[in-house]
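Enquirer: For reference, the structure I am asking about is given below.
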4 protein chains.
Amino acid sequence: MSSSFGTLFRITTFGESHGRGVGAIIDGCPPKLPLDKSDIQPQLDRRRPAQSELTTPREEADRVTILSGVDNGITLGTPIALLVKNTDQRPADYRRMRTVPRPSHADYTYRMKYGTQASSGGGRASARETVGRVAAGAVAEKFLRDRYGIEIVAWVSSVETIEAPPPDIGSIIRKDVDHAAVRCPDPDAAEKMQAAIIAAQKGGDSLGGIISCVCRHIPAGLGEPVFDKTEALLAQAMLSIPATKGIEIGSGFAGSRMRGSEHNDAFIKRGVKLGTQTNYRGGIQGGITNGEPIVFRVAFKPPATISLPQKTVDFEGNDTVLEAKGRHDPCVVPRAVPIVESMAALALVDLALRQKMRENETV
Amino acid sequence: MSSSFGTLFRITTFGESHGRGVGAIIDGCPPKLPLDKSDIQPQLDRRRPAQSELTTPREEADRVTILSGVDNGITLGTPIALLVKNTDQRPADYRRMRTVPRPSHADYTYRMKYGTQASSGGGRASARETVGRVAAGAVAEKFLRDRYGIEIVAWVSSVETIEAPPPDIGSIIRKDVDHAAVRCPDPDAAEKMQAAIIAAQKGGDSLGGIISCVCRHIPAGLGEPVFDKTEALLAQAMLSIPATKGIEIGSGFAGSRMRGSEHNDAFIKRGVKLGTQTNYRGGIQGGITNGEPIVFRVAFKPPATISLPQKTVDFEGNDTVLEAKGRHDPCVVPRAVPIVESMAALALVDLALRQKMRENETV
Amino acid sequence: MSSSFGTLFRITTFGESHGRGVGAIIDGCPPKLPLDKSDIQPQLDRRRPAQSELTTPREEADRVTILSGVDNGITLGTPIALLVKNTDQRPADYRRMRTVPRPSHADYTYRMKYGTQASSGGGRASARETVGRVAAGAVAEKFLRDRYGIEIVAWVSSVETIEAPPPDIGSIIRKDVDHAAVRCPDPDAAEKMQAAIIAAQKGGDSLGGIISCVCRHIPAGLGEPVFDKTEALLAQAMLSIPATKGIEIGSGFAGSRMRGSEHNDAFIKRGVKLGTQTNYRGGIQGGITNGEPIVFRVAFKPPATISLPQKTVDFEGNDTVLEAKGRHDPCVVPRAVPIVESMAALALVDLALRQKMRENETV
Amino acid sequence: MSSSFGTLFRITTFGESHGRGVGAIIDGCPPKLPLDKSDIQPQLDRRRPAQSELTTPREEADRVTILSGVDNGITLGTPIALLVKNTDQRPADYRRMRTVPRPSHADYTYRMKYGTQASSGGGRASARETVGRVAAGAVAEKFLRDRYGIEIVAWVSSVETIEAPPPDIGSIIRKDVDHAAVRCPDPDAAEKMQAAIIAAQKGGDSLGGIISCVCRHIPAGLGEPVFDKTEALLAQAMLSIPATKGIEIGSGFAGSRMRGSEHNDAFIKRGVKLGTQTNYRGGIQGGITNGEPIVFRVAFKPPATISLPQKTVDFEGNDTVLEAKGRHDPCVVPRAVPIVESMAALALVDLALRQKMRENETV
C-alpha cells in the first residue's frame with residue numbers, strides 16, 4: 001500500500017467504503033493557519049453522494065471531525081487527523097462479488113494482490129476513499145489561498161460525446177461551475193449532459209467524461225526537477241483518482257500535432273515580471289511553474305458498475321452473467337470535480353513548501 | 001531538486017548537459033543479477049544523439065562505465081553507479097540565453113527557481129539528463145525480463161498529423177520499431193514521418209509526436225493503491241520526461257466518450273488464471289495490474305529550439321528577436337522511444353519489488 | 001513534522017496530549033494477518049497512566065478502536081487506522097507555561113519552531129503521543145511473532161543508581177518483567193527501585209533510569225546498509241522516544257574499552273547455521289542481523305516536571321520561580337518498557353519486509 | 001540497500017572498498033553556495049588512510065572530483081556528484097574470507113542477506129564507504145557555516161581505558177584536535193593513546209575508543225518531532241557509521257543516574273533570546289534544538305581485523321584458525337573524527353532546510 005502523498009505536506013488516507021470511517025492525517029501543515037471545520041465541509045459536501053439525482057443514492061452526511069493538530073482555531077504544526085464516519089453501509093448488496101469479480105472493477109486485482117478483499121463494496125478501491133483526499137485538500141487549498149492567493153477551479157468539460165465550449169479560464173469561479181448539478185459552467189451543455197446521464201442511468205448504463213482544471217496566481221518557481229516536476233506530480237495525483245484514464249497539460253495531445261513555431265510561448269513583459277503571450281505550455285516550463293495559469297484535463301472512464309447484465313466468468317473461470325446491484329454513480333465527473341481540485345492543491349502545496357527551502361538562498 | 005525515483009529500486013540521476021558527465025545510482029537492485037555493460041549500452045545507443053539524420057548532430061559516444069555494485073559479472077545488491085562522460089560541449093552556442101530566456105524552454109523558470117542557471121545549454125533541463133534514466137532503466141529491464149519475462153516495447157505512433165496504424169501489440173518487438181530511423185513500425189507512415197521531420201528541420205521548425213508503449217507478461221497484482229497505483233506511477237514517470245504534455249492509459253481520452261456497457265472488459269478463462277476479452281483498462285484495474293498487457297500513449301510537444309526568428313523579450317522585459325543556435329532535434333520522439341521504455345521499466349520494477357513483500361503472506 | 005516511521009510498514013502517529021484523541025495509521029501491514037483489539041490492548045494497558053502508585057494519576061482508559069484495514073478478523077493489506085480517545089484533560093493545570101517555559105521541557109523549543117504551541121500540556125511533546133506507537137507496535141509484534149517467532153522483551157535495568165543484575169536474556173519473558181510495578185525482573189532491585197521512586201515523588205523530585213531490551217529469534221540478514229543498518233534504525237527509533245538520552249548496542253560504551261582479541265565474537269556451528277560464541281556485537285554485524293539475540297540499552301533522563309520550586313526565567317527573560325502542577329510520572333521507565341518494545345518491533349518489521357524483496361533472488 | 005540519507009538535503013553514497021571508486025550524490029543542496037574542491041579535500045585528507053603511523057598503510061590519495069552541480073564556482077541547485085577513485089586494491093589479501101567469515105566482520109551477514117558478497121575486502125561494509133559521506137558532509141558543513149555560522153568539532157575523548165579530560169566545548173577548534181595524530185586535544189592523553197595504539201598494533205591486536213562532538217551556533221527550532229527529532233536523526237547518523245556501538249546526547253547514560261532537580265536546565269536570559277544555565281539536555285529539548293551547543297559522544301568498538309590467530313569456523317561450520325591479512329587500522333577513532341563531523345553536518349543541514357518551510361509562517 002502507498003496511502004501517503006507529499007514530501008513536506010504529506011497526507012496519509014485510510015478507510016474502506018464499508019468500514020467504520022474514512023479520513024486522512026496531514027503531517028507537515030505549517031503552523032498558525034486559521035482552520036476549522038467550515039474550511040473543509042464545503043468541498044466534502046460537493047463530493048458527497050446523494051447530492052443530486054445524478055449521483056448514487058447512498059446516503060452519507062460526511063461530516064468531518066478534526067481529531068488533532070488544531071487548537072484555538074489555528075494549526076499547531078502537528079499532524080492534523082481528519083475523520084468522517086461511514087453510516088450507510090449495505091454489505092448485502094455486494095455478496096455476489098465474492099465469487100464473481102466485477103468486470104473493470106478491482107475485485108479480481110485486489111484478490112490477486114492481497115490474497116483477500118474487503119467483504120463488501122469496493123473496499124479501498126471505492127471512490128469513498130477519496131473523502132480523506134478532499135478533506136486534506138481543503139486544508140491545502142486554504143494555505144495556498146491565504147499565503148499565495150492561489151485559486152483552483154475544476155469543471156466538467158465533457159460527458160460522453162457532449163463537449164462544452166471552454167470557459168474564460170482567467171475568471172471562472174466555483175459558483176459558475178456549481179450552477180448546474182453536473183458541474184459544467186456552460187448552461188446548454190450542462191442541460192444536455194444531465195439529460196444524457198439520467199438517460200444512461202435509466203438504461204442501466206454509465207458514461208465517461210472529462211474534467212478540466214485551472215490553477216491561477218501560481219508563483220513562478222514551483223516544481224522539483226527531474227522526477228517531481230509540476231506536471232509529473234500532477235499526473236501522479238490525477239491518475240491516482242479512481243476511474244481516470246489520462247491527463248494532458250496545456251496543449252496536451254493536441255500539442256503533439258503542432259509545430260514549434262506555433263507552439264512556443266513568446267515571453268512578454270508583465271509588470272515587473274515576465275509572462276507569456278500564449279500558454280500552450282500550460283503554465284509549466286522545464287517542470288517548473290512560470291507564473292501563468294496551470295491548465296490540465298483529466299479523462300474519466302464510464303463507471304464499471306452498470307445494471308445491464310454482463311457476460312463474464314467467476315473466479316474459477318466458469319461462465320456466468322452478472323447483474324450488478326449496489327448504489328453507484330452513472331457518471332463520476334460531477335462528484336469528481338472537488339477531488340481533482342483537492343489533488344491539485346495537494347500537489348501544489350507540497351511543491352510550494354519544498355521551494356521555500358530555497359528562499360533567501362536564491363536572491 | 002528531486003532526482004530520485006522509486007521506493008525499493010531507487011534511482012538517483014545526476015549531471016548537466018554541459019558538465020563533466022551524466023549518470024545514475026541505482027540503490028536497491030536485487031543481488032545476483034548477471035549484469036555487464038553490454039546490457040546497458042544498446043539502449044544508450046538508441047538514445048544517443050547523431051545516430052541518424054533525424055537527430056541533433058551533437059556527437060556523444062555515450063559509453064557507460066559501471067563504477068560500483070557489480071562484481072564478477074553479477075550485482076552485489078549494493079548501489080550500482082553508472083557514469084557516462086560528456087565530450088562534445090560547446091558553451092559558446094548558448095551565450096545569448098544568459099540575457100534572453102528562450103521561449104518554451106526552461107531558462108526563465110530555472111532562474112526563477114534557483115536564482116541562477118547553468119552557464120550553457122539546458123543544464124539539468126536538457127534531454128541529456130535522461131542518459132542516467134536510460135542506463136538505469138536498462139538494468140531494471142534486465143531484472144524484469146530475467147525474473148518475470150516482461151517485455152517492454154515503445155514506438156512512434158504519430159509525428160505531427162501523420163498517424164501510423166496500430167501494430168499488433170501482442171507481437172511487436174524492438175527490431176520492428178528500429179527498422180526505420182524514426183522508430184515507427186509502419187513502413188509507409190515511417191517514410192512520411194521522416195520526410196516531414198527533415199522538411200521541418202530545413203525550414204527551421206520542429207514537430208511534435210506521440211509514442212505508444214506496451215508492457216507484456218506483467219504479473220497480476222502490481223501497483224500500490226492508492227497513490228502509487230500503476231497508472232499513477234507510470235504517469236509521473238512519463239510526465240517527468242522532458243517535452244511531454246500528456247499520457248493516456250488503455251482507452252484513455254477516447255474512453256471518456258464511451259459507455260460502461262462497451263468499455264467494461266469482461267473476464268474470460270485464460271489457462272489457470274483469468275484474462276479479459278477486451279483491454280480498455282490497459283491492463284490495470286483499481287490501480288493494480290490484471291495480467292493483461294499495459295498499454296499507454298505519451299504526447300510530446302514540438303521542441304522549443306527552432307532556428308526561425310522568434311519575437312520575445314529579454315530577462316529585463318525588453319523586446320528582442322531570438323534566433324537560436326545550438327544543436328537540437330527537430331522532433332524528439334525517435335530518440336525518446338528508449339526513454340519511455342526505461343521509465344516504464346523503472347516504474348514496474350519498483351512495483352514488482354514492493355509486491356514481493358506480500359509473497360507467501362497472500363497464499 | 002515527521003510523524004511517520006518506516007518504509008514498507010509505515011506508521012504515522014497523530015494527537016496531542018489534550019486534544020480529542022491520539023492514534024496511528026499503519027500503511028503497509030501485510031494482508032491476512034489475524035488481528036483484533038485484544039492483540040493491541042495489553043501493551044496499551046502496560047503503557048497507560050494510573051496503572052500503579054509509581055505512575056501519573058491521570059486517568060485514561062486508553063481503549064483502542066480499529067477504524068479500518070481489518071475485516072472478518074484479518075488484515076486487508078490496506079491502512080489500519082487506530083484511535084484512542086482522550087478523556088481526562090485538565091488544561092487549567094498548564095496555564096502558567098504560556099508565560100514561563102518549563103525547564104528541560106519542550107515549551108520553549110516548540111514556540112521557537114512553530115511560533116505557537118498547544119494551549120495546554122506538553123502537546124505533541126507529551127508522552128501521550130506514544131499511545132499511537134504502542135498500538136501500532138503491537139500489530140508489528142503480532143506479525144513478527146506469527147511469521148518469524150520473534151520475541152521482544154524489555155525491562156528496567158536501573159533506576160537512578162540502583163542497578164539490577166542482568167537476567168538470562170535467553171529466557172526472560174514479559175511475565176517476569178511485570179511481577180513488579182517498576183518492571184524490573186530482579187525482586188530485590190525492584191523493591192529498592194520502587195522505594196526510591198516513591199521517595200523521590202514525595203520529595204517533589206524525579207528519577208532517571210535505564211531500560212534493557214532483547215529481541216530473540218531474529219532471522220539473519222535483516223538491516224539495510226548503509227544508513228538503515230539495524231542499529232541505526234533502532235537508534236533512531238529509541239531516541240525518538242521522549243526523555244531518552246542514549247542507546248548502546250551489545251557491548252556498547254563498555255566495548256570501547258575492550259581489545260579486538262576479547263571483543264571479537266568467534267563463529268561456532270549452530271545446527272545448519274552459524275552462531276557466535278560470545279555476543280559483544282549484540283546480534284548485528286555490518287549493520288545486518290546475524291541470528292543472535294539483539295541486545296540494547298536505552299538511557300532515560302529524570303522527568304522534567306518536578307514539584308520542587310525552580311528558579312528560571314519567563315519567555316521575556318524575567319526571573320521567576322516555577323512550581324509545576326500537572327500530573328506526571330516521577331520516573332518514566334516503568335511505563336516506557338512497552339514503548340521500547342513497540343519501537344523495536346516497528347524497526348524490525350520494516351527491515352523484515354524490506355529483506356523480503358531479496359527472497360528467492362538470494363538463493 | 002538504503003544508501004540515501006536526508007529528506008531535503010539528500011545524499012546517496014556508492015562504492016565498494018575494492019571497486020573502481022566511491023562517492024556520493026547530493027540532491028537538494030541549495031543553489032548559489034560557493035563551492036569547489038578545496039572545500040571538500042581537507043576533510044577527505046583527515047579521513048584518508050596512511051596519514052600517520054596510527055592508520056592502515058593502504059595508500060589512497062582520495063582526490064575528489066566534482067562531476068556535476070557546480071558551475072562557475074557556485075552550486076546550481078542540481079545534484080552534486082562527487083567521485084573519488086580507488087587506486088590501491090589488493091584483492092589477494094582477502095581470498096580466505098570466501099570460505100571463512102571473519103569474526104565480528106560483515107562477511108557472514110552480507111552472505112546471509114545478499115546470497116553473495118564482494119570478491120575482496122569488506123565490500124560495502126568497509127570503512128572506505130564513508131568517503132562519500134565525508135565528501136558530502138563537507139558540502140553540508142560549508143552551507144551550515146556560511147548561512148548560520150555553525151561550527152562542528154569532534155575529537156577523540158578516549159582510547160581503550162585512557163580518558164582525556166574534557167576540553168572547553170565553547171572554544172575547541174579542529175586545529176586543537178589535529179595537533180596530535182590521534183586527534184585528542186589533550187597532549188598528555190594523546191601521547192598515552194598513541195603509545196597504546198602502536199603497542200596494540202605491534203601485538204596484533206586492536207583498540208576501541210570514544211569520539212565526542214560539539215555543534216555550536218545552532219539556531220533554535222531545528223528537529224522534526226516525533227520521529228526525526230534532532231537526537232533521533234543524529235543517533236541514526238552516528239550508528240550508521242561502521243564500528244559504532246552507542247551514542248549518548250548531553251548527560252547521556254550518566255543522566256539516567258540523576259534527579260530532575262539537578263538535571264533540569266534552568267532558563268536564563270541570553271541577549272534577546274533565552275539560554276540555559278546548564279546543558280544536560282545537550283542542546284535539545286523535546287527533539288528540537290534550543291540554541292545551546294549540541295553535545296554527544298559515540299562509542300567505537302575495537303576493529304575486528306586483528307593479526308592474532310582466532311579460533312572460529314568456516315561457512316560450513318568446520319573448525320579453523322584465522323590469521324587475518326589485509327591492511328587495517330588498529331584503532332578507528334583518529335580517522336573517524338571527520339566522519340562523525342560529516343554525519344552530524346548531514347543530519348543538521350537536513351533539519352535546517354526542513355525548518356525553512358516554516359519561516360515567515362511562524363512569525
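Just remember, in the C-alpha cells the first chain shown is A, the second B, etc., residues are 1-based per chain, and ligands are 1-based in the order shown.
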Provide as a PyMOL selection string the residues of chain B at most 10 Å from chain C, counting only C-alpha atoms.
Expert: chain B and resi 7-9+28-33+77-78+147+224-226+352-363
Enquirer: Name all residues at most 12 Å from Thr320 (chain B) (count only C-alpha atoms; drop same-chain ones fewer than 6 positions away) and give them as a PDB file with C-alpha atoms, in the first residue's frame.
Expert:
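Result went into part22.pdb, see below:
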ATOM      1  CA  ALA A 266       6.795  34.011 -26.555  1.00  0.00           C
ATOM      2  CA  PHE A 267       7.683  35.957 -23.428  1.00  0.00           C
ATOM      3  CA  ILE A 268       6.124  39.354 -22.789  1.00  0.00           C
ATOM      4  CA  LYS A 269       6.673  41.936 -20.118  1.00  0.00           C
TER       5      LYS A 269
ATOM      6  CA  ARG B  96      22.656  34.637 -25.658  1.00  0.00           C
ATOM      7  CA  MET B  97      20.309  32.812 -23.294  1.00  0.00           C
ATOM      8  CA  THR B  99      20.147  37.616 -21.272  1.00  0.00           C
ATOM      9  CA  VAL B 100      17.213  36.254 -23.287  1.00  0.00           C
ATOM     10  CA  PRO B 101      15.194  33.355 -21.910  1.00  0.00           C
ATOM     11  CA  ARG B 102      14.316  31.037 -24.784  1.00  0.00           C
ATOM     12  CA  PRO B 103      10.538  30.725 -25.296  1.00  0.00           C
ATOM     13  CA  PRO B 309      13.465  34.014 -35.583  1.00  0.00           C
ATOM     14  CA  GLN B 310      11.150  34.498 -32.586  1.00  0.00           C
ATOM     15  CA  LYS B 311       9.831  37.762 -31.199  1.00  0.00           C
ATOM     16  CA  THR B 312      10.153  37.688 -27.426  1.00  0.00           C
ATOM     17  CA  VAL B 313      11.605  39.744 -24.561  1.00  0.00           C
ATOM     18  CA  ASP B 314      14.844  39.512 -22.579  1.00  0.00           C
TER      19      ASP B 314
END
Enquirer: Which residues, written as a PyMOL selection string, have at least one atom at most 7 Å from region 294-304 of chain D, with only C-alpha atoms counted and residues fewer than 4 positions away on the same chain left out?
Expert: (chain C and resi 252-253+255-256+258-260+264) or (chain D and resi 103-105+206-216+243-250+282-284+330-332)
Enquirer: CA of Leu144 (chain A) and CA of Thr289 (chain A) are how many Å apart?
Expert: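 Atom-to-atom, CA of Leu144 (chain A) and CA of Thr289 (chain A) are spaced 14.7 Å apart.
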